[in-house]
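Structure file work.txt (compact mmCIF, C-alpha atoms) follows.
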# COMPACT_ATOMS: atom_id res chain seq x y z
CA MET R 1 101.40 106.60 104.12
CA SER R 2 102.03 105.30 100.62
CA ASN R 3 104.20 107.36 98.29
CA THR R 4 101.46 107.11 95.65
CA ILE R 5 98.97 108.95 97.86
CA GLN R 6 101.57 111.49 98.96
CA ASN R 7 102.56 112.23 95.35
CA PHE R 8 98.92 112.50 94.29
CA PHE R 9 98.32 115.26 96.82
CA ARG R 10 101.60 116.94 95.92
CA ALA R 11 100.26 117.15 92.37
CA ASN R 12 96.98 118.46 93.78
CA ASP R 13 98.83 121.14 95.78
CA SER R 14 100.79 122.17 92.69
CA PHE R 15 97.50 122.67 90.85
CA LEU R 16 96.14 124.74 93.75
CA GLU R 17 99.27 126.90 93.88
CA THR R 18 98.97 127.64 90.17
CA GLN R 19 95.35 128.74 90.66
CA PHE R 20 96.43 130.98 93.53
CA SER R 21 99.16 132.54 91.37
CA TYR R 22 96.56 133.16 88.66
CA ALA R 23 94.26 134.86 91.16
CA LEU R 24 97.16 137.06 92.29
CA GLY R 25 97.81 138.04 88.68
CA GLU R 26 101.19 136.29 88.57
CA ALA R 27 100.17 133.49 86.15
CA ASP R 28 97.84 133.37 83.14
CA ALA R 29 94.86 131.14 82.40
CA LYS R 30 96.99 128.89 80.19
CA ALA R 31 99.18 128.05 83.18
CA VAL R 32 96.08 126.93 85.10
CA GLU R 33 94.89 124.82 82.16
CA SER R 34 98.36 123.26 81.83
CA SER R 35 98.55 122.49 85.55
CA HIS R 36 95.05 120.99 85.40
CA LEU R 37 96.10 118.70 82.54
CA ASP R 38 99.26 117.73 84.44
CA PHE R 39 97.16 116.74 87.45
CA ILE R 40 94.86 114.66 85.23
CA SER R 41 97.87 113.02 83.58
CA HIS R 42 99.37 112.17 86.97
CA THR R 43 96.06 110.65 88.14
CA LYS R 44 95.90 108.53 85.00
CA SER R 45 99.48 107.33 85.49
CA ILE R 46 98.98 105.81 88.94
CA SER R 47 97.08 102.71 89.99
CA PHE R 48 96.28 100.70 93.10
CA VAL R 49 96.07 96.99 93.77
CA ASP R 50 93.51 97.65 96.49
CA HIS R 51 90.07 97.76 94.84
CA GLU R 52 88.71 100.52 97.12
CA PHE R 53 91.61 102.84 96.37
CA GLU R 54 91.48 102.10 92.65
CA GLN R 55 87.76 102.93 92.56
CA ALA R 56 88.50 106.19 94.40
CA ARG R 57 91.22 107.02 91.84
CA LEU R 58 88.72 106.56 88.99
CA LYS R 59 86.25 108.84 90.77
CA TRP R 60 88.96 111.48 91.28
CA LEU R 61 89.73 111.23 87.58
CA ALA R 62 86.07 111.77 86.68
CA ILE R 63 85.98 114.83 88.94
CA LEU R 64 89.13 116.30 87.43
CA GLN R 65 88.03 115.68 83.87
CA GLY R 66 84.75 117.48 84.60
CA MET R 67 86.40 120.45 86.25
CA ASN R 68 86.03 122.69 83.20
CA VAL R 69 82.67 123.54 84.76
CA ASN R 70 84.52 125.00 87.76
CA LEU R 71 87.55 126.40 85.99
CA GLY R 72 85.23 128.20 83.59
CA PHE R 73 83.97 128.10 80.03
CA THR R 74 86.45 130.45 78.38
CA GLU R 75 84.39 130.76 75.19
CA LEU R 76 81.32 131.98 77.10
CA ARG R 77 83.45 134.46 79.04
CA THR R 78 84.83 135.92 75.80
CA ILE R 79 81.43 136.14 74.12
CA ILE R 80 79.79 137.83 77.11
CA ALA R 81 82.60 140.38 77.32
CA SER R 82 81.96 141.33 73.66
CA ILE R 83 78.18 141.65 73.90
CA GLY R 84 77.11 145.27 74.06
CA GLN R 85 79.29 146.30 71.18
CA ASN R 86 77.19 144.22 68.79
CA ASP R 87 74.27 142.56 70.58
CA GLY R 88 72.88 140.66 67.61
CA ASP R 89 76.16 138.99 66.70
CA GLY R 90 76.96 138.25 70.35
CA VAL R 91 73.58 136.66 71.05
CA ALA R 92 73.96 134.32 68.05
CA LYS R 93 77.41 133.31 69.33
CA LEU R 94 75.96 132.75 72.79
CA GLU R 95 73.31 130.39 71.39
CA ASN R 96 75.93 128.46 69.41
CA ALA R 97 78.21 128.17 72.44
CA ARG R 98 75.36 126.85 74.58
CA ASN R 99 74.57 124.22 71.96
CA GLY R 100 78.17 123.01 72.19
CA ILE R 101 78.10 122.46 75.98
CA ASP R 102 76.79 119.25 77.51
CA ALA R 103 75.08 120.55 80.66
CA THR R 104 73.52 117.24 81.68
CA ARG R 105 76.28 116.61 84.22
CA PHE R 106 75.80 119.79 86.26
CA LEU R 107 72.21 120.82 85.43
CA PRO R 108 70.67 118.75 88.29
CA THR R 109 72.86 120.64 90.77
CA LEU R 110 71.74 123.98 89.34
CA GLU R 111 68.12 122.86 89.39
CA ARG R 112 68.20 121.95 93.09
CA PHE R 113 68.75 125.62 93.91
CA ALA R 114 66.93 127.23 90.98
CA ASN R 115 63.87 128.14 93.06
CA THR R 116 65.68 129.43 96.15
CA SER R 117 63.75 132.37 97.60
CA PHE R 118 65.11 135.87 98.09
CA ASP R 119 65.79 137.13 101.62
CA ALA R 120 63.16 139.81 102.21
CA ARG R 121 65.70 141.97 104.07
CA GLY R 122 67.54 142.60 100.80
CA LEU R 123 64.52 143.56 98.69
CA GLY R 124 62.98 146.90 97.74
CA LEU R 125 66.25 148.81 97.50
CA THR R 126 66.16 152.47 96.44
CA VAL R 127 69.47 152.11 94.56
CA PRO R 128 70.90 149.26 92.46
CA PRO R 129 72.26 146.47 94.71
CA GLU R 130 75.85 146.90 93.55
CA ARG R 131 75.58 150.63 94.29
CA TRP R 132 74.26 149.92 97.80
CA LEU R 133 77.27 147.69 98.52
CA ILE R 134 79.63 150.54 97.55
CA ASP R 135 77.78 153.42 99.19
CA ASN R 136 77.22 151.68 102.53
CA ASP R 137 80.73 150.49 103.22
CA VAL R 138 82.45 152.25 106.13
CA ALA R 139 86.01 153.61 105.86
CA LEU R 140 87.96 152.76 109.01
CA SER R 141 90.49 154.91 110.81
CA VAL R 142 93.07 152.13 111.01
CA ASP R 143 94.16 149.66 108.33
CA LEU R 144 94.49 146.47 110.39
CA LYS R 145 97.29 144.11 109.50
CA PRO R 146 95.80 140.80 108.30
CA ASP R 147 97.72 138.70 110.83
CA GLU R 148 96.59 140.98 113.66
CA PHE R 149 92.97 140.66 112.53
CA LYS R 150 93.37 136.87 112.30
CA LYS R 151 94.47 136.69 115.94
CA LYS R 152 91.53 138.82 117.09
CA ILE R 153 88.80 136.93 115.25
CA PHE R 154 90.26 133.52 116.09
CA ALA R 155 90.21 134.55 119.76
CA HIS R 156 86.48 135.41 119.48
CA ALA R 157 85.86 132.07 117.77
CA CYS R 158 87.98 130.20 120.37
CA TYR R 159 89.94 128.69 117.48
CA SER R 160 93.57 127.67 117.70
CA ALA R 161 95.87 125.77 115.32
CA LEU R 162 99.39 126.29 116.63
CA THR R 163 101.05 124.07 114.02
CA HIS R 164 99.43 125.89 111.08
CA GLN R 165 100.92 128.77 109.11
CA TRP R 166 99.05 131.61 107.38
CA ILE R 167 100.68 133.51 104.52
CA PHE R 168 98.97 136.72 103.40
CA ARG R 169 99.50 138.27 99.97
CA LYS R 170 98.01 141.55 98.73
CA SER R 171 96.23 140.95 95.44
CA LYS R 172 96.76 143.15 92.40
CA SER R 173 93.09 142.89 91.44
CA GLY R 174 91.78 143.88 94.86
CA GLY R 175 90.08 140.48 95.13
CA PHE R 176 89.99 138.06 98.06
CA PHE R 177 90.75 134.33 97.77
CA MET R 178 92.52 131.55 99.63
CA MET R 179 94.17 128.16 99.27
CA SER R 180 95.02 125.50 101.84
CA LEU R 181 97.65 122.90 101.02
CA HIS R 182 97.09 119.19 101.62
CA THR R 183 100.66 118.07 102.25
CA ARG R 184 101.57 120.88 104.67
CA PRO R 185 99.46 122.82 107.22
CA VAL R 186 99.84 126.08 105.29
CA HIS R 187 97.11 128.51 104.25
CA PHE R 188 97.63 131.21 101.61
CA ILE R 189 95.25 134.17 101.64
CA GLY R 190 95.13 136.82 98.93
CA HIS R 191 93.37 139.99 99.97
CA GLY R 192 92.30 143.38 98.68
CA PRO R 193 91.94 146.56 100.78
CA ILE R 194 91.10 145.87 104.43
CA ASP R 195 90.65 149.46 105.58
CA THR R 196 86.84 149.26 105.37
CA LEU R 197 84.15 147.37 107.26
CA PHE R 198 83.17 145.23 104.28
CA GLY R 199 86.83 144.55 103.45
CA LEU R 200 87.40 143.15 106.93
CA SER R 201 84.26 141.05 106.64
CA THR R 202 85.59 139.54 103.41
CA LEU R 203 88.93 138.80 105.10
CA ALA R 204 86.98 137.07 107.88
CA HIS R 205 85.32 134.99 105.14
CA GLU R 206 88.69 133.80 103.79
CA LEU R 207 90.01 133.08 107.29
CA GLY R 208 86.90 130.99 107.91
CA HIS R 209 87.80 128.80 104.96
CA SER R 210 91.14 128.01 106.58
CA THR R 211 89.42 126.63 109.71
CA THR R 212 87.48 123.90 107.91
CA PRO R 213 88.69 120.66 109.54
CA SER R 214 90.97 118.55 107.38
CA HIS R 215 90.87 114.77 107.20
CA VAL R 216 92.87 112.89 109.79
CA SER R 217 94.91 111.37 106.97
CA LEU R 218 95.44 111.83 103.25
CA GLU R 219 94.38 108.22 102.71
CA SER R 220 90.96 108.93 104.22
CA LEU R 221 90.66 112.14 102.17
CA PHE R 222 91.55 110.23 99.00
CA LEU R 223 88.85 107.65 99.70
CA GLU R 224 86.08 109.79 101.15
CA PHE R 225 86.12 113.03 99.15
CA PRO R 226 84.91 111.59 95.82
CA THR R 227 82.01 109.76 97.48
CA SER R 228 80.88 112.99 99.19
CA LEU R 229 79.96 114.61 95.87
CA ASN R 230 76.72 114.41 93.93
CA ASP R 231 77.36 113.24 90.36
CA ASP R 232 81.11 113.96 90.75
CA VAL R 233 80.31 117.69 90.58
CA LEU R 234 82.43 120.04 92.69
CA VAL R 235 80.58 122.68 94.69
CA SER R 236 82.42 125.06 97.00
CA ASN R 237 81.98 124.63 100.75
CA GLU R 238 81.22 128.08 102.16
CA ASP R 239 79.80 127.05 105.54
CA ASP R 240 82.83 127.96 107.68
CA SER R 241 83.57 131.10 105.68
CA TYR R 242 80.02 132.34 106.27
CA ARG R 243 80.23 131.29 109.92
CA TYR R 244 83.24 133.59 110.34
CA GLU R 245 81.43 136.41 108.58
CA ARG R 246 78.67 135.96 111.14
CA ILE R 247 81.19 135.96 114.01
CA PHE R 248 82.60 139.20 112.65
CA MET R 249 79.10 140.63 112.23
CA GLU R 250 78.21 139.84 115.85
CA HIS R 251 81.49 141.21 117.27
CA ALA R 252 82.23 143.93 114.70
CA ASN R 253 82.25 146.76 117.22
CA ALA R 254 85.10 145.05 119.07
CA LEU R 255 86.94 143.75 115.99
CA ALA R 256 86.72 146.74 113.64
CA PRO R 257 88.35 150.13 114.32
CA ARG R 258 86.18 153.22 114.62
CA PRO R 259 84.98 154.81 111.35
CA LEU R 260 87.24 157.29 109.60
CA ASN R 261 84.56 159.99 109.43
CA GLY R 262 83.77 159.74 113.13
CA ASN R 263 80.06 159.06 112.54
CA GLU R 264 78.47 156.28 114.53
CA HIS R 265 77.38 153.21 112.59
CA ASN R 266 75.53 150.06 113.55
CA TYR R 267 78.14 147.68 112.18
CA SER R 268 76.07 144.54 112.79
CA GLU R 269 73.02 145.95 111.02
CA LYS R 270 75.05 147.04 108.00
CA LEU R 271 76.77 143.66 107.74
CA ALA R 272 73.49 141.74 108.00
CA MET R 273 71.97 143.87 105.25
CA ARG R 274 75.06 143.40 103.10
CA LYS R 275 74.81 139.60 103.37
CA ALA R 276 71.10 139.66 102.50
CA ILE R 277 71.77 141.72 99.37
CA GLN R 278 74.71 139.54 98.36
CA ASN R 279 72.57 136.44 98.88
CA ASN R 280 69.81 137.83 96.69
CA LEU R 281 72.31 138.51 93.93
CA HIS R 282 73.54 134.91 94.25
CA VAL R 283 69.93 133.69 94.00
CA LEU R 284 69.37 135.78 90.88
CA LYS R 285 72.62 134.70 89.23
CA ASN R 286 71.97 131.03 89.91
CA ARG R 287 68.46 131.35 88.46
CA MET R 288 69.87 132.94 85.30
CA ASN R 289 72.49 130.19 85.06
CA PHE R 290 69.82 127.50 85.34
CA CYS R 291 67.53 129.17 82.79
CA PHE R 292 70.38 129.40 80.29
CA PHE R 293 71.72 125.86 80.63
CA SER R 294 68.24 124.32 80.72
CA GLY R 295 67.76 125.66 77.19
CA MET R 296 65.31 128.51 77.84
CA ALA R 297 65.00 131.01 74.99
CA LEU R 298 67.17 134.07 75.60
CA ALA R 299 64.21 136.43 75.23
CA GLU R 300 62.33 134.54 77.96
CA ILE R 301 65.40 134.63 80.23
CA SER R 302 65.46 138.42 79.78
CA ASN R 303 61.75 138.63 80.75
CA GLN R 304 62.28 136.52 83.86
CA PHE R 305 65.30 138.59 84.82
CA GLN R 306 63.38 141.87 84.62
CA THR R 307 60.67 140.51 86.91
CA LEU R 308 63.20 139.27 89.47
CA ILE R 309 65.53 142.29 89.49
CA LYS R 310 62.57 144.58 90.18
CA GLU R 311 61.93 142.68 93.41
CA ILE R 312 65.43 143.64 94.50
CA TYR R 313 65.44 147.12 92.98
CA PRO R 314 61.92 148.26 91.96
CA GLU R 315 63.16 151.27 89.98
CA TYR R 316 65.32 149.14 87.71
CA SER R 317 65.10 150.33 84.10
CA PRO R 318 66.36 147.96 81.37
CA LEU R 319 69.03 149.24 79.02
CA ALA R 320 69.23 146.24 76.68
CA PRO R 321 67.78 142.69 76.37
CA SER R 322 71.20 141.35 77.37
CA ASP R 323 71.18 143.11 80.78
CA TRP R 324 70.61 139.77 82.49
CA LEU R 325 74.12 138.65 81.55
CA ARG R 326 75.56 141.06 84.14
CA TYR R 327 73.56 139.17 86.77
CA SER R 328 74.66 135.68 85.79
CA THR R 329 77.86 133.62 85.93
CA LEU R 330 77.44 131.48 82.83
CA ASP R 331 81.16 130.90 82.46
CA GLN R 332 81.22 129.32 85.95
CA PRO R 333 77.68 128.02 86.37
CA LEU R 334 78.11 126.33 89.77
CA SER R 335 79.90 129.25 91.41
CA ARG R 336 76.86 130.46 93.40
CA ILE R 337 75.72 127.12 94.85
CA GLY R 338 78.07 127.00 97.84
CA TYR R 339 77.05 130.52 98.90
CA LEU R 340 73.33 129.71 98.67
CA LYS R 341 73.76 126.57 100.78
CA ALA R 342 75.83 128.36 103.40
CA TYR R 343 73.49 131.34 103.67
CA GLN R 344 70.56 129.04 104.42
CA THR R 345 72.60 127.26 107.08
CA VAL R 346 74.32 130.22 108.77
CA PHE R 347 72.23 133.35 108.29
CA LEU R 348 68.59 132.28 107.95
CA PRO R 349 66.55 131.48 111.07
CA SER R 350 65.98 127.76 111.54
Turn the structure described in the file into structure tokens.
Amino acid sequence: MSNTIQNFFRANDSFLETQFSYALGEADAKAVESSHLDFISHTKSISFVDHEFEQARLKWLAILQGMNVNLGFTELRTIIASIGQNDGDGVAKLENARNGIDATRFLPTLERFANTSFDARGLGLTVPPERWLIDNDVALSVDLKPDEFKKKIFAHACYSALTHQWIFRKSKSGGFFMMSLHTRPVHFIGHGPIDTLFGLSTLAHELGHSTTPSHVSLESLFLEFPTSLNDDVLVSNEDDSYRYERIFMEHANALAPRPLNGNEHNYSEKLAMRKAIQNNLHVLKNRMNFCFFSGMALAEISNQFQTLIKEIYPEYSPLAPSDWLRYSTLDQPLSRIGYLKAYQTVFLPS
């Protein structure tokens, strides 16, 4: 393997490790931005005599330079956080921020999933969807150790990777996230509480990510990854993570300890309903993202939102015209796409 390729993926791993530290709460957003710029600078500094590799380098550079879409629009995040204290001022700022973003690069990707249908299983709730997800979780009598749970679910999936290493870190935020290195077979998983049914399901999700097959060589990854993307736009691959959630759902009675309160629960039924509700929220958020970046008037977005949210929760009562912002991810517009694709593949009947 050439040193140039090896060093490129070392720089990539350094960028990934900084993002993981940020997710853990051990680094700030500026560190991520700095690491991102370092990775871009490194990619600009190298070159290849071989035409195929040089073309791949230029495509990698285009991907990295467009990654602000994935890393997040900080200005939008700040504006949205302030809306509610002064709606009128915030809405004007939101319009101005939208006018300053060139969405042409990622809008086609949003549009491809803008009309995704809801899953009927997650409609007609008697409580708000986020309330359902809290109220219907099941406290477990034993807090499984993450490595112990990994062994159990991998056994059910008949998965083995003896040369790989998994490092688990408890997150300060209570969130779940993971990172796999390119230059070493090491997977880092940050996790929140895993003493509930839904917590274990989310850990299964992160473990699933770590099973996605890697390229046989870094050279092939360098060449093939850029050509696998539409318009050089990065979209998360959630297929294996959802597949492991389904494995957990189907074997939850064997994999999850008994409930803390002693009441019997149909674990599989609860987990299937949870995924349907989560999917419907992803559908709604992606629709709001598309409406916003396609230039739709904010008042019309609010009207569309109220129609859609009432399919999920018929008793929904609007509090303010900006309610729809809580059901969007404008700062990271492509963040729902991978989930929508995976849900269709893994959980919906063919």
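Distances from R:Ala103, R:Leu37, R:Ala62, R:Thr183 to Leu221 of chain R were compared using only C-alpha atoms, and the smallest one belongs to R:Thr183.
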Separation of atom CA of Asn289 of chain R from atom CA of Ser117 of chain R in Å: 15.4 Å
Among the residues R:Ser21, R:Glu52, R:Pro318, R:Ser45, the one that comes closest to Ile189 of chain R [using only C-alpha atoms]: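 Looking only at the distances to Ile189 of chain R, the closest residue turns out to be R:Ser21.
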Length of the atom CA of Trp166 of chain R to atom CA of Phe188 of chain R vector [Å]: 6.0 Å
Residue contacts of Ala297 of chain R (12 Å, all atoms listed in the file) excluding same-chain residues fewer than 6 positions away, as a ChimeraX atom specification: /R:91-92,94-95,98,288,290-291,303-304
Selected residue, from R:Arg326, R:Lys30, R:His42, R:His205, that lies nearest to Asp240 of chain R when counting only C-alpha atoms: R:His205
Segment 3-12 of chain R environment, 7 Å, only C-alpha atoms, sequence neighbours closer than 3 positions dropped, as an mmCIF file with C-alpha atoms, in the coordinates of the input:
data_model
loop_
_atom_site.group_PDB
_atom_site.id
_atom_site.type_symbol
_atom_site.label_atom_id
_atom_site.label_comp_id
_atom_site.auth_asym_id
_atom_site.auth_seq_id
_atom_site.Cartn_x
_atom_site.Cartn_y
_atom_site.Cartn_z
ATOM 1 C CA PHE R 15 97.500 122.670 90.850
ATOM 2 C CA LEU R 16 96.140 124.740 93.750
ATOM 3 C CA PHE R 39 97.160 116.740 87.450
ATOM 4 C CA HIS R 182 97.090 119.190 101.620
ATOM 5 C CA THR R 183 100.660 118.070 102.250
ATOM 6 C CA GLU R 219 94.380 108.220 102.710
#
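Each of R:Leu58, R:Ile337, R:Leu133, R:Cys158 was compared to Arg274 of chain R using only C-alpha atoms, and R:Leu133 turns out to be the nearest.
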Sorted per-residue table, segment 195-238 of chain R near segment 246-256 of chain R, closest atoms and distance, 10 Å, all atoms listed in the file, as a Markdown table:
| residue | atom | partner | partner_atom | distance |
| --- | --- | --- | --- | --- |
| R:Asp195 | CA | R:Ala256 | CA | 9.4 |
| R:Thr196 | CA | R:Ala256 | CA | 8.6 |
| R:Leu197 | CA | R:Ala256 | CA | 6.9 |
| R:Leu200 | CA | R:Ala256 | CA | 7.6 |
| R:Ser201 | CA | R:Phe248 | CA | 6.5 |
| R:Thr202 | CA | R:Phe248 | CA | 9.7 |
| R:Leu203 | CA | R:Phe248 | CA | 9.9 |
| R:Ala204 | CA | R:Phe248 | CA | 6.8 |
| R:His205 | CA | R:Arg246 | CA | 9.0 |
| R:Gly208 | CA | R:Ile247 | CA | 9.7 |
Give, as JSON, the centre coordinates and the x, y and z edge lengths in Å to one decimal for an axis-aligned box around all listed atoms of segment 213-217 of chain R, padded by 3 Å on each side.
{"center_x": 91.8, "center_y": 116.0, "center_z": 108.4, "size_x": 12.2, "size_y": 15.3, "size_z": 8.8}
Shortest interatomic distance to Leu140 of chain R - which of R:Asn263, R:Asn96, R:Thr78, R:Thr18, counting only C-alpha atoms: R:Asn263
Closest of R:Lys310, R:Lys44, R:His282, R:Lys152 to Thr116 of chain R - atom-to-atom distances counting all atoms listed in the file: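 Closest to Thr116 of chain R of all the choices is R:His282.
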Sel. within 9 Å of pt (93.2, 127.6, 99.9), counting all atoms listed in the file, output as a VMD selection string: chain R and resid 16 to 17 20 177 to 181 186 to 189 206 209 to 210
Computed interatomic separation between atom CA of Pro226 of chain R and atom CA of Leu64 of chain R (Å): 10.5 Å
Gly124 of chain R environment, 12 Å, all atoms listed in the file, sequence neighbours closer than 4 positions dropped, as a list in words: Phe118, Asp119, Ala120, Pro128, Pro129, Trp132, Ala276, Ile277, Asn280, Leu308, Ile309, Lys310, Glu311, Ile312, Tyr313, Pro314, Glu315 and Tyr316 of chain R
Neighbour list for Leu162 of chain R as number ranges by chain, cut-off 12 Å, all atoms listed in the file, skip fewer than 2 positions in-chain: R: 151, 154, 159-160, 164-166, 185-186
